[in-house]
Amino acid sequence: MNIIGTPRRRVDGRAKVTGQTKFADDVMLPRMAHCKLLRSTMPHARLVRVDVSRALAHPGVYLALTGRDFPRTYGILPVSQDEHALAVDVVRFVGDPVAAIIARDELTAFEALDLIDVEYEPLRTFADPEDSLAFAEPRIHDYGDQGNIHKIVSLQFGDIDKALAGADEVFEDTFFYQGNTHLPIEQHAAVAAKDPDGKLVLWSSTQTPHYVHRALAKALDLPAAHIRVIATPNGGGFGGKSDPFNHEVVVCKAALALDRPVKICLTREEVFYCHRGRHPVLMQFKTGVKRDGTITGMHVRTLLDGGAYGSYGVASTFYTGALQTVTYHIPTYHFQGCRVFTNKPPCGPKRGHGTPQSRFGQEIQLDKIAEKLRIDPAELRLRIVERPDTLTANYLRVGTIGLAECIRRVTSKSNWANMHGKLPQGRGVGLACSSYLSGAGLPIYWNDMPHSGVQLKLDRSGGVTVFCGATEIGQGSDDVLVGCVAEILGVAPIDVRAVTGDTDLTPVDLGSYSSRVTLMMGNAAIQAAERARDLLADAVSRKLAVPQDRLVFAGGRVFDTERADRGVAFAEAVCLAETAFGTIGTTGSYTPPRSAAKFKGGGVGPSPTYSYSAAVVEVEVDASTGWVHVPRVWIAHDIGRSLNPTLVRGQVEGSVYMALGEALMEEQTFRRLPPRLSHALVHKFPSMLEYKSPTTLDMPEVFTELVENPDPRGPFGAKEVGQGPLLPVMPAVANAVYDAIGVRIDEVPITPEKIVKALDAKAAGRPPRYGPARFPDIAWPPPLQVPPPWEGGDGKAVRTPNVERQASDVEPQPSAAGDRS
Amino acid sequence: MLREDLNLCGTKHGCELGECGACAVLLDGQPVLSCLVLGVECAGRRVTTVEGLVTDGRLHPLQETFADLGAAQCGYCTPGFLVTAKALLDEHPNPSRDEIKEALSGCLCRCTGYQQIFEAVEAAIAGGGGASSAPTEEPGVR
């Protein structure tokens with residue numbers, strides 16, 4: 001290996017440090033008009049009247065659009081087509097777009113927004129999931145499982161009652177994970193234009209150009225072939241730019257109507273309204289264990305506050321119950337999940353998509369179990385780590401597992417044995433583990449086509465161009481793409497040009513979500529490059545009269561491994577191949593293996609392979625103020641193989657950073673305006689000033705350990721790294737706080753206020769804890785019974801109560817996860 | 001003004017209220033948040049944006065180390081970090097890790113976790129190229 005595994009400047013590094021990376025808001029076109037959206041000031045109301053006549057009369061205004069201009073719905077999941085570009089009849093949260101103004105400049109558009117007359121007829125506001133459970137009417141949407149419940153599911157893998165009855169101890173704990181948002185530094189922006197042929201072009205800061213392409217075709221009723229979506233490099237995404245958005249549809253419509261380019265750049269406040277961030281989740285874990293720590297069964301319940309639209313929510317719901325079994329052996333498993341609509345910005349996928357919340361609960365409960373059983377928390381986990389090459393109770397196919405090694409590395413490097421339970425009062429360490437997908441096994445819309453495609457063009461000059469629909473969101477996907485191709489062809493990365501994220505030019509890649517890009521695009525790139533290499537080898541072999549299997553591609557040359565001086569320059573090899581075979585172009589594609597899960601809902605969770613992480617977090621807690629300081633974090637990540645260690649380390653450290661923000665300070669919360677105003681439910685602080693995130697001064701020292709055990713399913717053995725390392729940090733902080741001051745904070749963020757309250761409770765003789773007291777009663781449907789593999793199951797449900805459906809009637813749910821950077 | 005009138009798009013906006021540091025530029029060598037500075041306040045003064053860090057076609061040492069050592073991921077906050085770090089090094093050629101953290105505390109980065117940014121600043125102090133990185137490739141060089 002010449003390139004893979006060596007720390008290297010990323011291929012787009014120069015552009016980033018010179019300010020030359022062209023983000024969506026940097027796209028400036030002649031005659032460009034500017035768009036602004038009027039957003040609802042009411043959380044839930046019928047739209048009685050939207051009058052844009054005064055705004056249209058304002059000098060410099062070119063166009064005004066309302067919901068009437070957008071009769072067709074769209075949405076990221078086929079089962080949740082519940083969005084209009086502009087509200088039709090009903091607004092569902094403060095910030096829901098109502099009308100659009102397109103004007104000669106941004107300021108004029110802003111002014112004209114004030115001239116739009118809107119009359120609302122307020123409807124009941126659903127501020128809290130329990131409101132949505134209690135009141136079925138008025139419905140926020142006219143679809144969903146019942147009333148204001150969007151999705152309710154119950155999956156049972158084995159007899160959970162029997163499993164819990166057979167345990168020596170049963171632990172029941174309730175946790176709450178507050179919502180938070182991605183906060184990419186780049187606000188969403190988009191520019192739409194008609195190209196010279198009259199076709200539509202959209203430049204947008206999106207992580208999923210292919211899905212935006214499909215959504216635009218539907219929402220605007222245009223042939224997809226006449227729409228080109230170009231994903232500009234994202235200034236951070238983290239899952240927040242994975243949905244098709246209102247503003248993208250609006251500027252497209254406006255550009256077509258005006259026959260001139262139209263730009264929109266959201267304000268920071270609007271980015272908080274776009275949201276699609278972490279769902280607030282209330283959860284309950286009931287876990288049976290033997291005295292040696294062996295788990296007999298686990299019953300997980302989750303209640304997700306979905307906000308006002310579907311987004312990825314159906315997938316998010318399943319994700320809160322999908323990956324528990326991937327880290328530890330759980331022979332019997334029962335999951336019940338419920339997502340409700342509320343009148344708040346829609347939740348969706350944020351880094352870790354649906355799994356950090358339940359991972360938080362699971363790992364804190366394990367800490368409690370370890371304490372009760374008097375087993376060291378690291379030792380307990382080592383005893384129950386899932387075995388490699390296993391099918392879990394819920395039919396997830398686990399391949400390589402580096403989790404035990406991750407635990408050993410972080411405990412050894414942190415001196416865990418001499419730290420845990422042994423530091424002075426106020427100081428502590430906590431451990432937690434996790435796992436994440438290396439790409440969702442199923443696409444968002446049902447099809448059997450490849451998830452990632454790569455095309456390669458070889459030039460007579462020796463230049464190589466690689467085309468792929470993958471989207472650069474800062475994570476370094478262009479670098480992975482180029483690195484894989486350059487390694488196989490033996491050329492320098494700088495001699496390879498990447499063309500990515502352009503639906504006209506590049507083959508489909510599903511997008512930068514679910515940590516899928518390195519594995520899927522990487523495998524497709526390797527296939528395309530190997531096919532090109534074989535053509536070149538064939539031609540060079542004839543020329544040099546050397547057998548193909550003796551040819552080496554390295555250092556920009558193709559040469560005989562037995563006589564290095566006998567060879568040709570790479571450019572000459574291309575010329576020889578072009579002479580022999582005509583123009584040289586190859587393709588590669590990747591389709592994940594078929595899932596073992598054949599039951600409804602089994603489409604969420606399968607992945608070609610899973611990454612594993614373990615973290616030890618050290619804290620210092622001031623008992624008088626409740627202030628938590630994190631001086632050090634040790635994290636080990638099972639990456640399979642590190643393709644560019646500089647980028648991998650950046651992903652791990654960036655995950656730790658974002659996790660600490662979630663653990664200690666970040667929260668997307670809401671309040672009611674006073675009754676003398678509108679009493680509306682509004683975002684508490686839609687600004688970067690008050691939505692606190694960690695600065696340079698808050699960041700601890702991070703010690704990163706990469707566990708490299710190449711996975712046969714990954715490109716050169718690589719697994720994901722963008723999301724997994726975030727997951728163990730939040731529970732490790734909570735466990736460290738307990739080690740430091742003896743109180744359990746069973747929810748995030750772990751704020752000083754909650755710590756002081758828990759310490760007060762402890763001092764008053766009450767349970768030394770802060771967290772939710774109860775899990776509400778929910779009318780769960782009868783569970784879908786799926787016998788686990790060791791009970792003779794074949795991945796199908798044995799009966800589907802309440803529904804006239806054959807067990808073989810497979811209806812996979814869409815999958816998808818959030819994403820990094 | 002910088003972005004739309006002068007087409008200096010390297011300077012970014014992120015929050016509109018002086019919190020994120022993405023819009024930092026140097027005004028007479030001092031870092032300021034350009035979203036809070038009016039054009040007229042700059043009359044007769046020297047404004048340095050990220051575009052001004054390249055001299056005679058060569059990257060500033062900070063730009064080299066930021067690129068080599070992973071200090072730029074999405075790159076959106078990078079121009080603000082670069083000019084702020086340059087102001088620090090122009091005034092204190094050899095700052096400690098704590099002084100670097102303090103100087104950069106007004107810039108938010110959501111990608112890196114800051115550690116590789118600190119290391120890039122320190123590597124620039126130590127003399128340019130990223131020590132842990134393979135030799136950098138430049139276009140046009142064989």
# chains A, B, ... in the order shown; residues from 1 in each chain; ligands from 1
>>> select_by_dssp(residues="chain B", states="strand (DSSP E or B)", output="VMD selection string")
chain B and resid 24 to 27 30 to 33 47 to 48 55 58
>>> write_last_selection(atoms="N, CA and C atoms", output="short mmCIF file (atom, residue, chain, number, x, y, z; two decimals), in the first residue's frame")
data_model
loop_
_atom_site.label_atom_id
_atom_site.label_comp_id
_atom_site.auth_asym_id
_atom_site.auth_seq_id
_atom_site.Cartn_x
_atom_site.Cartn_y
_atom_site.Cartn_z
N ALA B 24 -14.38 36.23 10.59
CA ALA B 24 -13.24 37.01 11.09
C ALA B 24 -12.33 37.45 9.95
N VAL B 25 -11.89 38.70 10.03
CA VAL B 25 -10.86 39.24 9.13
C VAL B 25 -9.92 40.07 10.01
N LEU B 26 -8.81 40.49 9.44
CA LEU B 26 -7.90 41.33 10.19
C LEU B 26 -8.09 42.78 9.78
N LEU B 27 -8.23 43.63 10.79
CA LEU B 27 -8.34 45.07 10.55
C LEU B 27 -7.09 45.69 11.18
N GLN B 30 -5.48 43.26 13.48
CA GLN B 30 -6.23 42.74 14.62
C GLN B 30 -7.46 41.98 14.14
N PRO B 31 -7.74 40.81 14.72
CA PRO B 31 -8.94 40.08 14.29
C PRO B 31 -10.22 40.80 14.70
N VAL B 32 -11.13 40.94 13.75
CA VAL B 32 -12.45 41.51 14.05
C VAL B 32 -13.49 40.63 13.35
N LEU B 33 -14.72 40.72 13.85
CA LEU B 33 -15.80 39.96 13.23
C LEU B 33 -16.44 40.87 12.18
N VAL B 47 -7.47 45.93 5.55
CA VAL B 47 -8.30 44.74 5.81
C VAL B 47 -7.63 43.53 5.17
N THR B 48 -7.41 42.48 5.96
CA THR B 48 -6.81 41.25 5.43
C THR B 48 -7.82 40.12 5.54
N THR B 55 1.02 34.69 -0.45
CA THR B 55 1.90 35.72 -0.99
C THR B 55 2.80 35.11 -2.08
N ARG B 58 2.53 31.56 -2.84
CA ARG B 58 2.85 30.55 -1.82
C ARG B 58 1.88 30.65 -0.66
#
>>> residues_around(residues="A:Phe703", least_positions_apart="4", cutoff="8 Å", atoms="only C-alpha atoms", output="count of residues only")
4
>>> interface_residues(of="chain B", to="chain A", cutoff="6 Å", atoms="only C-alpha atoms", output="list in words")
Gly10, Gly14, Cys15, Glu19, Gln63, Ala67, Asp68, Gly70, Gln73, Cys74, Gly75, Tyr76, Lys101, Ser105, Cys111, Thr112, Gly113, Ser133 and Ala134 of chain B
>>> write_last_selection(atoms="N, CA and C atoms", output="mmCIF file, in the first residue's frame")
data_model
loop_
_atom_site.group_PDB
_atom_site.id
_atom_site.type_symbol
_atom_site.label_atom_id
_atom_site.label_comp_id
_atom_site.auth_asym_id
_atom_site.auth_seq_id
_atom_site.Cartn_x
_atom_site.Cartn_y
_atom_site.Cartn_z
ATOM 1 N N GLY B 10 -14.071 34.087 0.372
ATOM 2 C CA GLY B 10 -13.400 33.259 1.381
ATOM 3 C C GLY B 10 -13.916 33.539 2.773
ATOM 4 N N GLY B 14 -21.903 32.948 9.520
ATOM 5 C CA GLY B 14 -22.454 31.760 10.171
ATOM 6 C C GLY B 14 -23.543 32.062 11.173
ATOM 7 N N CYS B 15 -23.562 33.285 11.726
ATOM 8 C CA CYS B 15 -24.522 33.498 12.820
ATOM 9 C C CYS B 15 -25.157 34.876 12.818
ATOM 10 N N GLU B 19 -20.944 35.648 16.979
ATOM 11 C CA GLU B 19 -20.725 34.549 17.920
ATOM 12 C C GLU B 19 -19.825 33.449 17.345
ATOM 13 N N GLN B 63 -1.509 27.957 6.503
ATOM 14 C CA GLN B 63 -2.349 27.286 5.502
ATOM 15 C C GLN B 63 -1.793 25.903 5.174
ATOM 16 N N ALA B 67 -3.827 22.442 6.153
ATOM 17 C CA ALA B 67 -4.184 21.484 5.100
ATOM 18 C C ALA B 67 -3.577 20.115 5.382
ATOM 19 N N ASP B 68 -2.325 20.103 5.850
ATOM 20 C CA ASP B 68 -1.630 18.830 6.044
ATOM 21 C C ASP B 68 -2.162 18.033 7.224
ATOM 22 N N GLY B 70 -5.131 18.079 8.947
ATOM 23 C CA GLY B 70 -6.552 17.820 9.204
ATOM 24 C C GLY B 70 -7.253 18.927 9.966
ATOM 25 N N GLN B 73 -11.761 20.540 8.008
ATOM 26 C CA GLN B 73 -12.605 19.433 7.520
ATOM 27 C C GLN B 73 -13.564 19.992 6.486
ATOM 28 N N CYS B 74 -14.684 20.572 6.928
ATOM 29 C CA CYS B 74 -15.571 21.132 5.903
ATOM 30 C C CYS B 74 -14.989 22.417 5.330
ATOM 31 N N GLY B 75 -14.160 23.093 6.098
ATOM 32 C CA GLY B 75 -13.477 24.274 5.586
ATOM 33 C C GLY B 75 -14.249 25.567 5.736
ATOM 34 N N TYR B 76 -15.439 25.504 6.282
ATOM 35 C CA TYR B 76 -16.271 26.713 6.347
ATOM 36 C C TYR B 76 -15.771 27.675 7.420
ATOM 37 N N LYS B 101 -5.437 28.312 22.547
ATOM 38 C CA LYS B 101 -6.858 28.060 22.831
ATOM 39 C C LYS B 101 -7.597 29.367 23.114
ATOM 40 N N SER B 105 -10.648 31.140 20.879
ATOM 41 C CA SER B 105 -11.898 30.768 21.553
ATOM 42 C C SER B 105 -13.114 31.466 20.963
ATOM 43 N N CYS B 111 -16.635 20.532 13.278
ATOM 44 C CA CYS B 111 -16.143 19.291 12.677
ATOM 45 C C CYS B 111 -14.993 18.655 13.446
ATOM 46 N N THR B 112 -14.000 19.434 13.806
ATOM 47 C CA THR B 112 -12.703 18.852 14.163
ATOM 48 C C THR B 112 -12.541 18.483 15.629
ATOM 49 N N GLY B 113 -13.289 19.153 16.513
ATOM 50 C CA GLY B 113 -12.964 18.990 17.922
ATOM 51 C C GLY B 113 -11.729 19.794 18.311
ATOM 52 N N SER B 133 2.882 14.333 8.428
ATOM 53 C CA SER B 133 2.226 14.139 7.146
ATOM 54 C C SER B 133 3.230 13.731 6.072
ATOM 55 N N ALA B 134 2.756 12.989 5.121
ATOM 56 C CA ALA B 134 3.603 12.661 3.976
ATOM 57 C C ALA B 134 3.901 13.946 3.218
#
>>> select_by_dssp(residues="chain B", states="helix (DSSP H, G or I)", output="ChimeraX atom specification")
/B:34-36,39-42,50-53,61-68,78-91,97-103,115-127
>>> residues_around(residues="stretch 342-358 of chain A", least_positions_apart="2", cutoff="6 Å", atoms="only C-alpha atoms", output="VMD selection string")
chain A and resid 43 92 to 93 126 to 127 177 238 to 239 273 276 to 279 306 to 309 311 to 313 316 319 to 320 360 to 361 723 727 817 to 820
>>> write_last_selection(atoms="C-alpha atoms", output="CSV table (one decimal), in the first residue's frame")
chain,number,residue,atom,x,y,z
A,43,PRO,CA,-47.4,26.8,16.2
A,92,ARG,CA,-47.7,23.1,12.0
A,93,PHE,CA,-44.9,24.9,13.9
A,126,PHE,CA,-49.3,20.0,21.0
A,127,ALA,CA,-46.3,21.0,23.0
A,177,TYR,CA,-32.5,12.3,26.1
A,238,PHE,CA,-24.1,16.1,10.5
A,239,GLY,CA,-27.5,14.9,9.1
A,273,TYR,CA,-36.4,25.8,12.3
A,276,ARG,CA,-34.3,17.5,11.5
A,277,GLY,CA,-32.1,17.1,14.6
A,278,ARG,CA,-31.9,14.7,17.5
A,279,HIS,CA,-35.4,13.5,18.6
A,306,GLY,CA,-41.1,13.9,16.3
A,307,GLY,CA,-42.0,17.5,15.8
A,308,ALA,CA,-44.3,18.6,13.0
A,309,TYR,CA,-43.4,16.4,10.1
A,311,SER,CA,-38.9,13.4,7.9
A,312,TYR,CA,-36.8,10.3,8.6
A,313,GLY,CA,-39.0,9.6,11.7
A,316,SER,CA,-35.6,7.0,13.5
A,319,TYR,CA,-33.3,2.9,15.1
A,320,THR,CA,-34.0,3.6,18.8
A,360,PHE,CA,-27.3,6.4,26.5
A,361,GLY,CA,-29.9,4.5,28.5
A,723,GLN,CA,-20.7,8.6,13.6
A,727,LEU,CA,-22.1,7.3,20.7
A,817,ALA,CA,-29.2,7.4,9.3
A,818,GLY,CA,-27.8,10.8,10.1
A,819,ASP,CA,-24.4,11.8,9.2
A,820,ARG,CA,-21.3,13.5,10.2
